[in-house]
$ cat work-v8.csv   # CSV, C-alpha atoms
chain,number,residue,atom,x,y,z
A,1,MET,CA,-140.2,-149.9,148.9
A,2,ILE,CA,-143.8,-150.9,149.4
A,3,ILE,CA,-146.8,-148.8,150.5
A,4,LYS,CA,-147.8,-149.2,154.1
A,5,LYS,CA,-150.4,-146.4,154.3
A,6,LYS,CA,-151.9,-143.9,151.8
A,7,PHE,CA,-152.7,-140.4,153.1
A,8,ASN,CA,-153.7,-139.0,149.7
A,9,ASN,CA,-152.5,-139.3,146.1
A,10,ASN,CA,-149.3,-137.3,146.9
A,11,ILE,CA,-148.3,-138.5,150.4
A,12,LEU,CA,-147.8,-142.0,151.7
A,13,LEU,CA,-146.1,-144.0,154.4
A,14,ALA,CA,-143.8,-146.7,153.0
A,15,GLU,CA,-141.6,-149.5,154.3
A,16,ASP,CA,-138.1,-149.8,152.9
A,17,GLU,CA,-136.0,-152.9,152.5
A,18,ASN,CA,-134.8,-152.7,156.1
A,19,HIS,CA,-138.4,-152.5,157.4
A,20,ASN,CA,-138.1,-148.9,158.4
A,21,GLU,CA,-141.0,-146.5,158.0
A,22,VAL,CA,-140.4,-143.7,155.5
A,23,VAL,CA,-142.8,-140.8,154.7
A,24,LEU,CA,-142.8,-140.0,150.9
A,25,LEU,CA,-144.1,-137.0,149.1
A,26,GLY,CA,-144.5,-136.8,145.3
A,27,LYS,CA,-147.1,-135.7,142.8
A,28,SER,CA,-149.4,-138.7,142.2
A,29,ILE,CA,-147.0,-141.1,143.9
A,30,ALA,CA,-149.9,-143.0,145.4
A,31,PHE,CA,-152.4,-142.5,142.6
A,32,GLU,CA,-154.3,-145.8,141.9
A,33,LYS,CA,-151.9,-147.6,144.2
A,34,LYS,CA,-152.9,-150.0,147.0
A,35,VAL,CA,-151.3,-150.9,150.3
A,36,GLY,CA,-148.6,-153.5,149.8
A,37,GLU,CA,-147.7,-152.5,146.2
A,38,ARG,CA,-144.3,-151.3,145.2
A,39,ILE,CA,-143.6,-147.6,144.7
A,40,ASP,CA,-142.5,-145.9,141.5
A,41,GLU,CA,-139.4,-144.3,143.1
A,42,THR,CA,-139.0,-141.9,140.2
A,43,LEU,CA,-142.1,-140.1,141.5
A,44,ILE,CA,-140.5,-139.4,144.9
A,45,GLU,CA,-139.9,-135.6,145.5
A,46,LYS,CA,-139.2,-135.8,149.2
A,47,LYS,CA,-138.6,-138.6,151.7
A,48,PHE,CA,-137.9,-138.8,155.4
A,49,VAL,CA,-135.4,-141.6,155.6
A,50,PRO,CA,-134.4,-143.7,158.6
A,51,ASP,CA,-131.4,-141.6,159.3
A,52,TYR,CA,-133.8,-138.9,160.3
A,53,GLN,CA,-136.4,-141.1,161.9
A,54,ASP,CA,-137.2,-138.5,164.6
A,55,VAL,CA,-138.2,-136.1,161.9
A,56,ALA,CA,-140.2,-138.8,160.1
A,57,ASN,CA,-142.1,-139.6,163.3
A,58,GLN,CA,-142.9,-135.9,163.9
A,59,PHE,CA,-144.1,-135.6,160.4
A,60,ILE,CA,-146.4,-138.6,160.8
A,61,GLN,CA,-147.8,-137.0,163.9
A,62,LEU,CA,-148.5,-133.8,161.8
A,63,LEU,CA,-150.2,-135.9,159.2
A,64,ASN,CA,-152.8,-136.9,161.8
A,65,LYS,CA,-153.2,-133.3,162.9
A,66,VAL,CA,-153.0,-131.1,159.9
A,67,PRO,CA,-155.3,-131.1,156.8
A,68,LEU,CA,-153.5,-133.0,154.0
A,69,GLN,CA,-153.9,-130.2,151.5
A,70,GLN,CA,-151.7,-128.1,153.8
A,71,ILE,CA,-149.0,-130.7,153.7
A,72,ASP,CA,-149.2,-130.6,149.9
A,73,LEU,CA,-149.1,-126.8,150.0
A,74,VAL,CA,-146.0,-126.7,152.2
A,75,ASN,CA,-144.3,-129.1,149.8
A,76,LYS,CA,-145.0,-126.7,146.9
A,77,ILE,CA,-143.8,-123.8,149.0
A,78,ILE,CA,-140.5,-125.5,149.9
A,79,THR,CA,-139.9,-126.9,146.4
A,80,ASN,CA,-140.4,-123.4,145.0
A,81,ALA,CA,-138.2,-121.8,147.6
A,82,GLU,CA,-135.3,-124.2,147.1
A,83,LYS,CA,-135.4,-123.5,143.4
A,84,GLU,CA,-135.6,-119.7,143.8
A,85,LEU,CA,-132.9,-119.6,146.5
A,86,ASN,CA,-130.8,-122.3,144.9
A,87,VAL,CA,-130.5,-124.2,148.2
A,88,THR,CA,-131.4,-127.5,149.8
A,89,PHE,CA,-133.2,-127.1,153.1
A,90,ASN,CA,-132.9,-129.2,156.2
A,91,ASP,CA,-135.7,-131.7,156.6
A,92,SER,CA,-136.8,-130.0,159.8
A,93,ILE,CA,-138.4,-127.2,157.7
A,94,TYR,CA,-141.2,-129.6,156.8
A,95,ILE,CA,-142.1,-129.9,160.5
A,96,GLY,CA,-141.7,-126.2,161.5
A,97,LEU,CA,-143.3,-124.7,158.4
A,98,THR,CA,-146.2,-127.1,158.3
A,99,ASP,CA,-147.0,-126.5,161.9
A,100,HIS,CA,-146.6,-122.7,161.5
A,101,LEU,CA,-148.8,-122.5,158.4
A,102,ASN,CA,-151.6,-124.5,160.1
A,103,TYR,CA,-151.5,-122.2,163.0
A,104,ALA,CA,-151.3,-119.1,160.8
A,105,LEU,CA,-154.3,-120.1,158.7
A,106,THR,CA,-156.3,-120.8,161.9
A,107,ARG,CA,-155.5,-117.4,163.3
A,108,ALA,CA,-156.2,-115.7,160.0
A,109,ARG,CA,-159.6,-117.3,159.7
A,110,GLU,CA,-160.4,-116.1,163.2
A,111,HIS,CA,-159.1,-112.5,162.3
A,112,MET,CA,-156.2,-112.7,164.7
A,113,ASN,CA,-153.1,-111.1,163.2
A,114,LEU,CA,-149.9,-111.8,165.0
A,115,LYS,CA,-147.5,-108.8,164.6
A,116,ASN,CA,-144.0,-109.7,163.7
A,117,ALA,CA,-141.7,-107.5,165.8
A,118,MET,CA,-138.7,-108.4,163.6
A,119,LEU,CA,-140.3,-107.7,160.2
A,120,TRP,CA,-138.1,-104.6,159.5
A,121,GLU,CA,-134.9,-106.6,160.2
A,122,ILE,CA,-136.1,-109.6,158.2
A,123,LYS,CA,-136.8,-107.4,155.2
A,124,LYS,CA,-133.4,-105.9,155.5
A,125,PHE,CA,-131.2,-108.8,156.3
A,126,TYR,CA,-133.0,-111.6,154.5
A,127,ALA,CA,-134.3,-109.8,151.5
A,128,LYS,CA,-134.1,-112.8,149.2
A,129,GLU,CA,-135.8,-115.1,151.6
A,130,PHE,CA,-138.5,-112.5,152.3
A,131,ALA,CA,-139.1,-112.0,148.5
A,132,VAL,CA,-139.6,-115.8,148.2
A,133,ALA,CA,-141.9,-115.8,151.2
A,134,LEU,CA,-144.1,-113.2,149.5
A,135,LYS,CA,-144.5,-115.6,146.6
A,136,ALA,CA,-145.4,-118.3,149.2
A,137,LEU,CA,-148.3,-116.0,150.3
A,138,ASP,CA,-149.6,-116.0,146.8
A,139,LEU,CA,-149.6,-119.8,146.8
A,140,ILE,CA,-151.3,-119.9,150.1
A,141,ALA,CA,-154.0,-117.4,148.9
A,142,TYR,CA,-154.6,-119.6,145.8
A,143,TYR,CA,-154.9,-122.9,147.5
A,144,GLU,CA,-156.4,-121.8,150.9
A,145,ASN,CA,-158.3,-118.7,149.8
A,146,VAL,CA,-156.7,-116.8,152.7
A,147,LYS,CA,-154.5,-113.7,152.2
A,148,LEU,CA,-151.9,-113.7,154.9
A,149,SER,CA,-150.1,-110.5,155.9
A,150,GLU,CA,-146.4,-109.4,155.4
A,151,ASP,CA,-145.9,-110.3,159.1
A,152,GLU,CA,-146.5,-113.9,158.2
A,153,ALA,CA,-144.2,-113.6,155.2
A,154,GLY,CA,-141.5,-112.5,157.7
A,155,TYR,CA,-142.1,-115.7,159.8
A,156,ILE,CA,-141.9,-117.9,156.7
A,157,ALA,CA,-138.7,-116.1,155.6
A,158,LEU,CA,-137.2,-117.0,159.0
A,159,HIS,CA,-138.1,-120.7,158.4
A,160,PHE,CA,-136.2,-120.4,155.1
A,161,VAL,CA,-133.2,-118.9,156.8
A,162,ASN,CA,-133.2,-121.4,159.6
A,163,ALA,CA,-133.5,-124.4,157.2
A,164,GLN,CA,-130.3,-123.3,155.4
A,165,GLN,CA,-128.1,-123.8,158.5
A,166,ASP,CA,-127.4,-126.2,161.3
A,167,SER,CA,-129.3,-124.3,164.0
A,168,ASN,CA,-132.7,-123.8,165.5
A,169,MET,CA,-135.2,-120.9,165.2
A,170,GLU,CA,-134.0,-119.4,168.5
A,171,THR,CA,-130.4,-119.1,167.1
A,172,THR,CA,-131.8,-117.6,163.9
A,173,ILE,CA,-133.6,-114.9,165.8
A,174,LEU,CA,-130.6,-114.2,168.0
A,175,MET,CA,-128.4,-114.0,164.9
A,176,THR,CA,-130.8,-111.5,163.3
A,177,ASP,CA,-130.7,-109.3,166.5
A,178,ILE,CA,-126.9,-109.4,166.6
A,179,VAL,CA,-126.5,-108.4,163.0
A,180,GLN,CA,-128.9,-105.5,163.5
A,181,ASP,CA,-126.8,-104.3,166.4
A,182,VAL,CA,-123.6,-104.5,164.5
A,183,VAL,CA,-125.0,-102.6,161.6
A,184,GLN,CA,-126.2,-99.9,164.0
A,185,ILE,CA,-122.7,-99.6,165.4
A,186,ILE,CA,-121.3,-99.1,161.9
A,187,LYS,CA,-123.9,-96.4,161.1
A,188,PHE,CA,-123.4,-94.6,164.4
A,189,GLN,CA,-119.6,-94.7,164.1
A,190,PHE,CA,-119.6,-93.3,160.6
A,191,ASN,CA,-122.7,-91.1,161.1
A,192,MET,CA,-124.1,-92.3,157.8
A,193,ASN,CA,-126.8,-94.4,156.2
A,194,LEU,CA,-125.6,-97.5,154.4
A,195,ASP,CA,-126.8,-98.3,150.9
A,196,GLU,CA,-128.8,-101.4,151.5
A,197,HIS,CA,-129.0,-102.2,147.8
A,198,SER,CA,-125.3,-102.2,147.2
A,199,LEU,CA,-123.2,-105.3,146.7
A,200,ASN,CA,-120.9,-104.4,149.6
A,201,TYR,CA,-123.8,-104.1,151.9
A,202,SER,CA,-125.0,-107.6,150.9
A,203,ARG,CA,-121.4,-108.9,151.4
A,204,LEU,CA,-121.3,-107.3,154.9
A,205,ILE,CA,-124.6,-108.9,155.9
A,206,THR,CA,-123.6,-112.3,154.6
A,207,HIS,CA,-120.3,-112.1,156.5
A,208,LEU,CA,-122.0,-111.0,159.7
A,209,ARG,CA,-124.6,-113.8,159.5
A,210,TYR,CA,-122.1,-116.6,159.1
A,211,PHE,CA,-119.6,-115.0,161.5
A,212,THR,CA,-122.3,-114.9,164.1
A,213,LEU,CA,-123.2,-118.5,163.5
A,214,ARG,CA,-119.5,-119.5,163.8
A,215,MET,CA,-119.2,-117.5,167.0
A,216,LEU,CA,-122.3,-119.2,168.5
A,217,HIS,CA,-120.8,-122.6,167.6
A,218,GLY,CA,-117.4,-121.7,169.0
A,219,GLU,CA,-115.7,-121.7,165.6
A,220,LEU,CA,-114.0,-118.3,165.4
A,221,ALA,CA,-110.9,-118.0,163.2
A,222,VAL,CA,-107.6,-118.2,165.1
A,223,ASN,CA,-104.8,-115.7,164.7
A,224,HIS,CA,-102.7,-116.5,161.7
A,225,GLU,CA,-102.7,-113.1,159.9
A,226,ASP,CA,-101.2,-110.5,162.2
A,227,LEU,CA,-99.3,-109.0,159.3
A,228,LEU,CA,-102.5,-108.4,157.4
A,229,PHE,CA,-104.2,-107.1,160.6
A,230,ASN,CA,-101.5,-104.6,161.3
A,231,THR,CA,-101.6,-103.4,157.7
A,232,LEU,CA,-105.3,-102.9,157.7
A,233,LYS,CA,-105.2,-101.3,161.2
A,234,ASN,CA,-102.7,-98.7,159.9
A,235,SER,CA,-104.4,-98.2,156.5
A,236,TYR,CA,-108.0,-97.9,157.5
A,237,HIS,CA,-108.1,-96.1,160.9
A,238,ARG,CA,-111.9,-95.4,161.0
A,239,ALA,CA,-112.8,-98.9,160.0
A,240,TYR,CA,-110.4,-100.2,162.6
A,241,GLU,CA,-111.9,-98.0,165.4
A,242,CYS,CA,-115.3,-99.3,164.4
A,243,ALA,CA,-114.2,-102.9,164.5
A,244,LEU,CA,-112.9,-102.3,168.1
A,245,LYS,CA,-116.4,-101.0,169.0
A,246,ILE,CA,-117.9,-104.2,167.6
A,247,LYS,CA,-115.3,-106.3,169.4
A,248,ASP,CA,-116.3,-104.6,172.7
A,249,TYR,CA,-120.0,-105.3,171.8
A,250,PHE,CA,-119.4,-109.0,171.4
A,251,ASN,CA,-117.3,-109.1,174.6
A,252,LYS,CA,-120.1,-107.5,176.6
A,253,ARG,CA,-123.0,-109.3,175.0
A,254,CYS,CA,-121.6,-112.8,174.3
A,255,ASN,CA,-118.5,-112.9,176.5
A,256,ILE,CA,-116.5,-113.5,173.3
A,257,THR,CA,-113.1,-112.0,172.4
A,258,LEU,CA,-112.6,-111.5,168.7
A,259,THR,CA,-109.3,-112.6,167.3
A,260,ASN,CA,-107.2,-110.3,165.1
A,261,GLU,CA,-108.1,-112.5,162.1
A,262,GLU,CA,-111.8,-111.9,162.7
A,263,LEU,CA,-111.1,-108.2,163.2
A,264,SER,CA,-109.3,-108.1,159.8
A,265,TYR,CA,-112.4,-109.5,158.0
A,266,LEU,CA,-114.6,-106.9,159.8
A,267,ILE,CA,-112.2,-104.0,158.9
A,268,ILE,CA,-112.3,-105.0,155.2
A,269,HIS,CA,-116.1,-105.2,155.1
A,270,ILE,CA,-116.6,-102.0,157.1
A,271,ASN,CA,-114.2,-100.1,154.9
A,272,ARG,CA,-115.9,-101.4,151.7
A,273,VAL,CA,-119.4,-100.6,152.8
A,274,THR,CA,-118.6,-97.1,154.0
A,275,THR,CA,-116.4,-96.0,151.2
A,276,ARG,CA,-117.4,-97.7,147.9
A,277,ASP,CA,-120.4,-97.4,145.6
A,278,LEU,CA,-120.6,-101.1,144.6
$ encode --input "work-v8.csv" --output "structure tokens"
Amino acid sequence: MIIKKKFNNNILLAEDENHNEVVLLGKSIAFEKKVGERIDETLIEKKFVPDYQDVANQFIQLLNKVPLQQIDLVNKIITNAEKELNVTFNDSIYIGLTDHLNYALTRAREHMNLKNAMLWEIKKFYAKEFAVALKALDLIAYYENVKLSEDEAGYIALHFVNAQQDSNMETTILMTDIVQDVVQIIKFQFNMNLDEHSLNYSRLITHLRYFTLRMLHGELAVNHEDLLFNTLKNSYHRAYECALKIKDYFNKRCNITLTNEELSYLIIHINRVTTRDL
């Protein structure tokens, strides 16, 4: 690949062997380099390849709109988050998070704090992502000399969640709302508070998140385990009754009928989170 345009020492526009434009990020990747020279590909930390040309084009547009130091900062935030969460984000996070950070910094400097109505739910259901988002606030404070609020950490955490799955931010917000409703059904049915620090609570939330995504994508499990379902139904009466309440909720809100196999998973998780210490 050869350099087509330098933005700064860490960001450049390159042309690959097929004459496609590729945005490349990497520490000192363009240092002392000139347009037309070949790139040391060992320095590439992130690239927007032709398979994702729409993302690359959007990123190029952002490069002309957003201060370049903010692009560098977002790359640091994403690199750190992927390491902390042990995940690889979708390329779209570079667009969404860069645009959001630019807007958040502008608002903060104008003393306009945007309250996050979902902050409580984000802290509860995406605790790991929120913890990493708080570290992102420290990076932002160091490089931009602006201390953003926990509300902004909540928004950043949602970007982390969204970038781990094949969905958009609207779906992520809907998923969070549904998970909150289901947890409330369980609490009400058993008249108890759940231990949010327990392993079983974490397992429940993880199951609900991915179940909701599968549901929204029309990928519910089919009925193969009626024997297991009947065994669980007879063994865990209260968990079964709670699962029926949740089934009714999904039927009314999403016009979805849960299969016995999906109900079996719910019964198991409900029983665990309401009866065990772990």
$ residues_around --input "work-v8.csv" --residues "Phe160 in chain A" --least-positions-apart "2" --cutoff "10 Å" --atoms "only C-alpha atoms" --output "list in words"
Ile78, Ala81, Glu82, Leu85, Val87, Phe89, Asn90, Ile93, Leu97, Tyr126, Lys128, Glu129, Phe130, Val132, Ala133, Gly154, Tyr155, Ile156, Ala157, Leu158, Asn162, Ala163, Gln164 and Gln165 of chain A
$ write_last_selection --input "work-v8.csv" --atoms "C-alpha atoms" --output "PDB file, in the coordinates of the input"
ATOM      1  CA  ILE A  78    -140.500-125.500 149.900  1.00  0.00           C
ATOM      2  CA  ALA A  81    -138.200-121.800 147.600  1.00  0.00           C
ATOM      3  CA  GLU A  82    -135.300-124.200 147.100  1.00  0.00           C
ATOM      4  CA  LEU A  85    -132.900-119.600 146.500  1.00  0.00           C
ATOM      5  CA  VAL A  87    -130.500-124.200 148.200  1.00  0.00           C
ATOM      6  CA  PHE A  89    -133.200-127.100 153.100  1.00  0.00           C
ATOM      7  CA  ASN A  90    -132.900-129.200 156.200  1.00  0.00           C
ATOM      8  CA  ILE A  93    -138.400-127.200 157.700  1.00  0.00           C
ATOM      9  CA  LEU A  97    -143.300-124.700 158.400  1.00  0.00           C
ATOM     10  CA  TYR A 126    -133.000-111.600 154.500  1.00  0.00           C
ATOM     11  CA  LYS A 128    -134.100-112.800 149.200  1.00  0.00           C
ATOM     12  CA  GLU A 129    -135.800-115.100 151.600  1.00  0.00           C
ATOM     13  CA  PHE A 130    -138.500-112.500 152.300  1.00  0.00           C
ATOM     14  CA  VAL A 132    -139.600-115.800 148.200  1.00  0.00           C
ATOM     15  CA  ALA A 133    -141.900-115.800 151.200  1.00  0.00           C
ATOM     16  CA  GLY A 154    -141.500-112.500 157.700  1.00  0.00           C
ATOM     17  CA  TYR A 155    -142.100-115.700 159.800  1.00  0.00           C
ATOM     18  CA  ILE A 156    -141.900-117.900 156.700  1.00  0.00           C
ATOM     19  CA  ALA A 157    -138.700-116.100 155.600  1.00  0.00           C
ATOM     20  CA  LEU A 158    -137.200-117.000 159.000  1.00  0.00           C
ATOM     21  CA  ASN A 162    -133.200-121.400 159.600  1.00  0.00           C
ATOM     22  CA  ALA A 163    -133.500-124.400 157.200  1.00  0.00           C
ATOM     23  CA  GLN A 164    -130.300-123.300 155.400  1.00  0.00           C
ATOM     24  CA  GLN A 165    -128.100-123.800 158.500  1.00  0.00           C
TER      25      GLN A 165
END
$ closest_residue --input "work-v8.csv" --among "A:Thr79, A:Asn18, A:Ile267, A:Tyr143" --to "Asn234 in chain A" --atoms "only C-alpha atoms"
A:Ile267
$ residues_around --input "work-v8.csv" --residues "Trp120 in chain A" --least-positions-apart "4" --cutoff "12 Å" --atoms "only C-alpha atoms" --output "ChimeraX atom specification"
/A:115-116,124-127,130,150-151,153-155,176-177,180
$ atom_distance --input "work-v8.csv" --atom1 "CA of Asn113 in chain A" --atom2 "CA of Arg209 in chain A"
28.9 Å
$ atom_distance --input "work-v8.csv" --atom1 "CA of Val35 in chain A" --atom2 "CA of Lys5 in chain A"
6.1 Å
$ closest_residue --input "work-v8.csv" --among "A:Val179, A:Leu194, A:Ile71, A:Leu119" --to "Gly96 in chain A" --atoms "only C-alpha atoms"
A:Ile71
$ atom_distance --input "work-v8.csv" --atom1 "CA of Lys47 in chain A" --atom2 "CA of Phe59 in chain A"
10.7 Å
$ residues_around --input "work-v8.csv" --residues "Asp226 in chain A" --least-positions-apart "6" --cutoff "10 Å" --atoms "all atoms listed in the file" --output "list in words"
Leu232, Thr259, Asn260, Glu261 and Ser264 of chain A
$ closest_residue --input "work-v8.csv" --among "A:Gln69, A:Thr88, A:Asn9, A:Asn20" --to "Glu32 in chain A" --atoms "all atoms listed in the file"
A:Asn9
$ residues_around --input "work-v8.csv" --residues "Tyr236 in chain A" --least-positions-apart "3" --cutoff "9 Å" --atoms "all atoms listed in the file" --output "MDAnalysis selection string"
chainID A and resid 231:233 239:241 267:268 271
$ closest_residue --input "work-v8.csv" --among "A:Leu216, A:Val66, A:Ala117, A:Ile77" --to "Phe7 in chain A" --atoms "all atoms listed in the file"
A:Val66
$ residues_around --input "work-v8.csv" --residues "Phe190 in chain A" --least-positions-apart "2" --cutoff "12 Å" --atoms "all atoms listed in the file" --output "list in words"
Val183, Gln184, Ile185, Ile186, Lys187, Phe188, Met192, Asn193, Leu194, His237, Arg238, Ala239, Tyr240, Glu241, Cys242, Ala243, Lys245, Ile270, Asn271, Val273, Thr274 and Thr275 of chain A
$ write_last_selection --input "work-v8.csv" --atoms "C-alpha atoms" --output "PDB file, in the coordinates of the input"
ATOM      1  CA  VAL A 183    -125.000-102.600 161.600  1.00  0.00           C
ATOM      2  CA  GLN A 184    -126.200 -99.900 164.000  1.00  0.00           C
ATOM      3  CA  ILE A 185    -122.700 -99.600 165.400  1.00  0.00           C
ATOM      4  CA  ILE A 186    -121.300 -99.100 161.900  1.00  0.00           C
ATOM      5  CA  LYS A 187    -123.900 -96.400 161.100  1.00  0.00           C
ATOM      6  CA  PHE A 188    -123.400 -94.600 164.400  1.00  0.00           C
ATOM      7  CA  MET A 192    -124.100 -92.300 157.800  1.00  0.00           C
ATOM      8  CA  ASN A 193    -126.800 -94.400 156.200  1.00  0.00           C
ATOM      9  CA  LEU A 194    -125.600 -97.500 154.400  1.00  0.00           C
ATOM     10  CA  HIS A 237    -108.100 -96.100 160.900  1.00  0.00           C
ATOM     11  CA  ARG A 238    -111.900 -95.400 161.000  1.00  0.00           C
ATOM     12  CA  ALA A 239    -112.800 -98.900 160.000  1.00  0.00           C
ATOM     13  CA  TYR A 240    -110.400-100.200 162.600  1.00  0.00           C
ATOM     14  CA  GLU A 241    -111.900 -98.000 165.400  1.00  0.00           C
ATOM     15  CA  CYS A 242    -115.300 -99.300 164.400  1.00  0.00           C
ATOM     16  CA  ALA A 243    -114.200-102.900 164.500  1.00  0.00           C
ATOM     17  CA  LYS A 245    -116.400-101.000 169.000  1.00  0.00           C
ATOM     18  CA  ILE A 270    -116.600-102.000 157.100  1.00  0.00           C
ATOM     19  CA  ASN A 271    -114.200-100.100 154.900  1.00  0.00           C
ATOM     20  CA  VAL A 273    -119.400-100.600 152.800  1.00  0.00           C
ATOM     21  CA  THR A 274    -118.600 -97.100 154.000  1.00  0.00           C
ATOM     22  CA  THR A 275    -116.400 -96.000 151.200  1.00  0.00           C
TER      23      THR A 275
END
$ closest_residue --input "work-v8.csv" --among "A:Lys83, A:Ile44, A:Leu148, A:His159" --to "His100 in chain A" --atoms "only C-alpha atoms"
A:His159
$ closest_residue --input "work-v8.csv" --among "A:Val146, A:Ile173, A:Ser92, A:Asn200" --to "Glu110 in chain A" --atoms "all atoms listed in the file"
A:Val146
$ build_atoms --input "work-v8.csv" --residues "range 259-276 of chain A" --atoms "N, CA, C and O atoms" --output "compact mmCIF listing (two decimals), keeping the file's coordinate frame"
# COMPACT_ATOMS: atom_id res chain seq x y z
N THR A 259 -110.71 -112.47 167.60
CA THR A 259 -109.30 -112.60 167.30
C THR A 259 -108.93 -111.50 166.24
O THR A 259 -109.80 -110.90 165.60
N ASN A 260 -107.64 -111.27 166.07
CA ASN A 260 -107.20 -110.30 165.10
C ASN A 260 -107.60 -110.70 163.67
O ASN A 260 -107.86 -109.85 162.81
N GLU A 261 -107.67 -112.00 163.42
CA GLU A 261 -108.10 -112.50 162.10
C GLU A 261 -109.54 -112.10 161.83
O GLU A 261 -109.89 -111.64 160.75
N GLU A 262 -110.40 -112.31 162.83
CA GLU A 262 -111.80 -111.90 162.70
C GLU A 262 -111.93 -110.41 162.54
O GLU A 262 -112.74 -109.91 161.75
N LEU A 263 -111.13 -109.67 163.29
CA LEU A 263 -111.10 -108.20 163.20
C LEU A 263 -110.72 -107.77 161.78
O LEU A 263 -111.24 -106.79 161.24
N SER A 264 -109.78 -108.49 161.20
CA SER A 264 -109.30 -108.10 159.80
C SER A 264 -110.46 -108.24 158.85
O SER A 264 -110.65 -107.35 158.01
N TYR A 265 -111.24 -109.33 158.93
CA TYR A 265 -112.40 -109.50 158.00
C TYR A 265 -113.38 -108.32 158.24
O TYR A 265 -113.91 -107.76 157.27
N LEU A 266 -113.63 -107.98 159.50
CA LEU A 266 -114.60 -106.90 159.80
C LEU A 266 -114.06 -105.57 159.22
O LEU A 266 -114.83 -104.81 158.62
N ILE A 267 -112.78 -105.28 159.40
CA ILE A 267 -112.20 -104.00 158.90
C ILE A 267 -112.41 -103.92 157.39
O ILE A 267 -112.80 -102.87 156.86
N ILE A 268 -112.14 -105.02 156.69
CA ILE A 268 -112.30 -105.00 155.20
C ILE A 268 -113.73 -104.72 154.83
O ILE A 268 -114.00 -103.86 153.97
N HIS A 269 -114.67 -105.40 155.46
CA HIS A 269 -116.10 -105.20 155.10
C HIS A 269 -116.58 -103.82 155.51
O HIS A 269 -117.35 -103.19 154.77
N ILE A 270 -116.16 -103.35 156.67
CA ILE A 270 -116.60 -102.00 157.10
C ILE A 270 -116.03 -100.95 156.17
O ILE A 270 -116.75 -100.01 155.78
N ASN A 271 -114.78 -101.08 155.78
CA ASN A 271 -114.20 -100.10 154.90
C ASN A 271 -114.92 -100.10 153.52
O ASN A 271 -115.21 -99.04 152.96
N ARG A 272 -115.22 -101.28 153.01
CA ARG A 272 -115.90 -101.40 151.70
C ARG A 272 -117.30 -100.74 151.77
O ARG A 272 -117.67 -99.97 150.88
N VAL A 273 -118.06 -101.09 152.80
CA VAL A 273 -119.40 -100.60 152.80
C VAL A 273 -119.59 -99.16 153.13
O VAL A 273 -120.60 -98.53 152.83
N THR A 274 -118.54 -98.55 153.68
CA THR A 274 -118.60 -97.10 154.00
C THR A 274 -117.87 -96.21 153.05
O THR A 274 -117.96 -94.99 153.15
N THR A 275 -117.17 -96.80 152.07
CA THR A 275 -116.40 -96.00 151.20
C THR A 275 -116.60 -96.22 149.69
O THR A 275 -116.17 -95.44 148.85
N ARG A 276 -117.27 -97.33 149.34
CA ARG A 276 -117.40 -97.70 147.90
C ARG A 276 -118.87 -97.66 147.50
O ARG A 276 -119.79 -97.79 148.30
